[in-house]
Amino acid sequence: MRYMPAEWELQRVVILSFPHEETDWADDNIKKALTTFVRIAQAIAYSQPVYIICKDQSQISGLFCSKNNISFIEIPTNDTWIRDYGYISIKEDDQIKLLDFTFDGWGGKFEATFDNSVNRALYQRGYMGITPLESIDFVLEGGSIESDGHGTILTTSKCLCNPNRNSGLRKVEIEKNLNDYLGVERILWLDYGYLAGDDTDSHIDTLARFVNPETIVYVKCSDNSDEHYEELCKMELQIKEFRTKEGKAYQLIPLPMTRAIYDKDKNRLPSTYANFLITNKALIYPSYSDENDKKVGDIFKKLFPDREIIPINCLKLIEQGGSLHCSTMQVVY
């Protein structure tokens with residue numbers, strides 16, 4: 001029997017992939033981006049190991065005030081969003097197995113040859129020990145699926161059924177693949193919801209997340225003049241129809257939206273509080289110098305009373321379309 005563990009299950013390591021001058025940060029202030037990545041890595045490393053994929057260790061190791069629990073590994077990359085090309089952990093007969101799905105740059109939008117080979121390179125260097133690795137000829141990004149650890153996956157049809165992935169397979173075909181590869185018993189499909197400026201075709205980790213098997217947090221838009229209002233209201237109505245395996249309604253916790261944030265070219269950026277990371281001892285969430293930053297922190301404190309709640313300003317990350325969760329991938333025990 002196999003299943004995909006939930007993010008709150010015990011983690012062995014969290015992997016990050018750092019910016020360098022040949023990534024999409026090349027025309028930006030890489031130093032500012034690196035500062036955010038360092039803060040994320042240090043917040044995780046105070047309680048568990050962190051692997052940092054980088055181009056040149058000598059260029060970034062000096063940015064850390066402490067290197068405890070941190071390993072630097074030089075592997076070529078195209079981009080920083082390892083959530084979408086990193087290992088997906090499953091458990092099979094109580095043993096961990098690592099799955100290496102195909103990554104095609106979010107439906108061919110970006111070059112991804114290096115990113116698609118990171119998992120194999122890391123594995124060949126022995127960082128995963130004797131944990132089995134399976135490479136799979138199926139496009140699947142880690143940010144597109146959310147597991148409750150009990151056989152239920154939350155995802156979006158706009159991403160998984162998009163013609164730019166897997167030639168646009170139908171839901172029934174995708175469900176069979178997720179059952180075969182991840183041991184999925186059932187899938188909760190969201191057909192609505194998006195964020196302006198998002199290149200992922202509506203990844204679930206920007207919109208709605210499990211925080212325990214009975215509770216879903218989701219992005220709620222309360223401003224009827226906002227461009228997201230209609231879609232996110234439809235998403236909310238659909239989430240309210242979802243039921244647990246036992247047939248009960250989920251406890252639903254709305255997360256507020258930030259103010260509209262724009263880049264220098266007046267393009268709206270995909271700021272979202274749903275892009276948080278659960279680690280062994282902490283809940284690390286993105287902040288945006290917004291009036292709702294503290295409100296969201298208080299929500300997480302109630303949901304995770306036994307974990308430290310750590311905000312990290314991610315205004316720099318959303319300039320390249322991602323946020324905190326997108327920049328990390330956990331491997332479980």
# chains A, B, ... in the order shown; residues from 1 in each chain; ligands from 1
>>> closest_atom_pairs(of="region 78-111 of chain A", to="region 203-219 of chain A", cutoff="12 Å", atoms="only C-alpha atoms", output="tab-separated table")
residue	atom	partner	partner_atom	distance
A:Arg83	CA	A:Asp205	CA	9.9
A:Asp84	CA	A:His203	CA	9.8
A:Trp106	CA	A:His203	CA	10.1
>>> write_last_selection(atoms="C-alpha atoms", output="PDB file, in the first residue's frame")
ATOM      1  CA  ARG A  83       8.604  22.762  -4.992  1.00  0.00           C
ATOM      2  CA  ASP A  84       7.725  21.948  -8.583  1.00  0.00           C
ATOM      3  CA  TRP A 106       5.026  24.820 -16.218  1.00  0.00           C
TER       4      TRP A 106
END
>>> residues_around(residues="Cys159 (chain A)", least_positions_apart="5", cutoff="8 Å", atoms="only C-alpha atoms", output="PyMOL selection string")
chain A and resi 144+165+200-203
>>> write_last_selection(atoms="C-alpha atoms", output="JSON list (two decimals), in the first residue's frame")
[["chain", "number", "residue", "atom", "x", "y", "z"],
["A", 144, "SER", "CA", -0.07, 21.40, -7.93],
["A", 165, "ARG", "CA", 0.81, 19.19, -19.47],
["A", 200, "THR", "CA", 1.62, 27.90, -12.82],
["A", 201, "ASP", "CA", -1.94, 27.74, -14.18],
["A", 202, "SER", "CA", -3.44, 27.89, -10.68],
["A", 203, "HIS", "CA", -1.33, 25.72, -8.42]]
>>> select_by_dssp(residues="region 185-218 of chain A", states="strand (DSSP E)", output="NGL selection string")
:A and (186-190 or 208-212 or 215-218)
>>> closest_residue(among="A:Phe242, A:Lys295, A:Glu231, A:Gly321", to="Ser271 (chain A)", atoms="only C-alpha atoms")
A:Gly321
>>> closest_residue(among="A:Arg120, A:Ala41, A:Glu241, A:Ile88", to="Tyr181 (chain A)", atoms="only C-alpha atoms")
A:Ile88
>>> select_by_dssp(residues="region 88-247 of chain A", states="helix (DSSP H, G or I)", output="NGL selection string")
:A and (105-108 or 115-124 or 142-144 or 157-160 or 171-182 or 204-206 or 229-241)
>>> atom_distance(atom1="CA of Leu98 (chain A)", atom2="CA of Thr131 (chain A)")
7.1 Å
>>> atom_distance(atom1="CA of Glu236 (chain A)", atom2="CA of Tyr285 (chain A)")
21.5 Å
>>> closest_residue(among="A:Thr328, A:Ser135, A:Asn280, A:Gln238", to="Gln48 (chain A)", atoms="only C-alpha atoms")
A:Asn280
>>> residues_around(residues="Asp298 (chain A)", least_positions_apart="2", cutoff="12 Å", atoms="only C-alpha atoms", output="list in words")
Leu255, Leu283, Tyr285, Asn292, Asp293, Lys294, Lys295, Val296, Phe300, Lys301, Lys302, Leu303, Phe304, Pro305, Glu308, Ile309, Ile310 and Pro311 of chain A
>>> closest_residue(among="A:Ala6, A:Ala282, A:Ala249, A:Ala33", to="Ser327 (chain A)", atoms="only C-alpha atoms")
A:Ala33
>>> closest_atom_pairs(of="region 82-187 of chain A", to="region 54-58 of chain A", cutoff="12 Å", atoms="only C-alpha atoms", output="JSON lines")
{"residue": "A:Ile82", "atom": "CA", "partner": "A:Cys54", "partner_atom": "CA", "distance": 11.7}
{"residue": "A:Phe114", "atom": "CA", "partner": "A:Lys55", "partner_atom": "CA", "distance": 11.5}
{"residue": "A:Asp115", "atom": "CA", "partner": "A:Cys54", "partner_atom": "CA", "distance": 11.7}
{"residue": "A:Val118", "atom": "CA", "partner": "A:Cys54", "partner_atom": "CA", "distance": 10.8}
{"residue": "A:Leu122", "atom": "CA", "partner": "A:Cys54", "partner_atom": "CA", "distance": 11.6}
>>> write_last_selection(atoms="C-alpha atoms", output="compact mmCIF listing (two decimals), in the first residue's frame")
# COMPACT_ATOMS: atom_id res chain seq x y z
CA ILE A 82 12.11 23.45 -6.31
CA PHE A 114 18.65 21.49 -15.65
CA ASP A 115 15.75 21.61 -13.19
CA VAL A 118 18.26 17.95 -10.23
CA LEU A 122 21.28 14.83 -5.99
>>> residues_around(residues="Asp137 (chain A)", least_positions_apart="5", cutoff="9 Å", atoms="only C-alpha atoms", output="number ranges by chain")
A: 100-102
>>> write_last_selection(atoms="C-alpha atoms", output="short mmCIF file (atom, residue, chain, number, x, y, z; two decimals), in the first residue's frame")
data_model
loop_
_atom_site.label_atom_id
_atom_site.label_comp_id
_atom_site.auth_asym_id
_atom_site.auth_seq_id
_atom_site.Cartn_x
_atom_site.Cartn_y
_atom_site.Cartn_z
CA ASP A 100 11.02 12.06 -9.73
CA PHE A 101 8.24 13.29 -12.01
CA THR A 102 8.89 15.08 -15.28
#
>>> residues_around(residues="region 221-224 of chain A", least_positions_apart="2", cutoff="12 Å", atoms="only C-alpha atoms", output="list in words")
Gly193, Tyr194, Leu195, Leu207, Tyr218, Val219, Asp226, Glu227, His228, Tyr229, Glu230, Glu231, Leu232, Cys233, Lys234, Met235, Glu236, Pro254, Leu255, Pro256, Met257, Thr258, Arg259, Ala260 and Thr272 of chain A
>>> closest_residue(among="A:Ile261, A:Lys266, A:Ile30, A:Val38", to="Cys65 (chain A)", atoms="only C-alpha atoms")
A:Val38
>>> residues_around(residues="Asp263 (chain A)", least_positions_apart="5", cutoff="9 Å", atoms="only C-alpha atoms", output="list in words")
Arg268, Leu269 and Glu319 of chain A
>>> closest_residue(among="A:Gly142, A:Gly126, A:Pro5, A:Pro19", to="His325 (chain A)", atoms="only C-alpha atoms")
A:Gly142
>>> residues_around(residues="Tyr288 (chain A)", least_positions_apart="6", cutoff="6 Å", atoms="only C-alpha atoms", output="CSV table (one decimal) with C-alpha atoms, in the first residue's frame")
chain,number,residue,atom,x,y,z
A,313,ASN,CA,8.9,38.9,4.0
A,314,CYS,CA,8.5,37.5,0.5
A,315,LEU,CA,7.9,40.7,-1.5
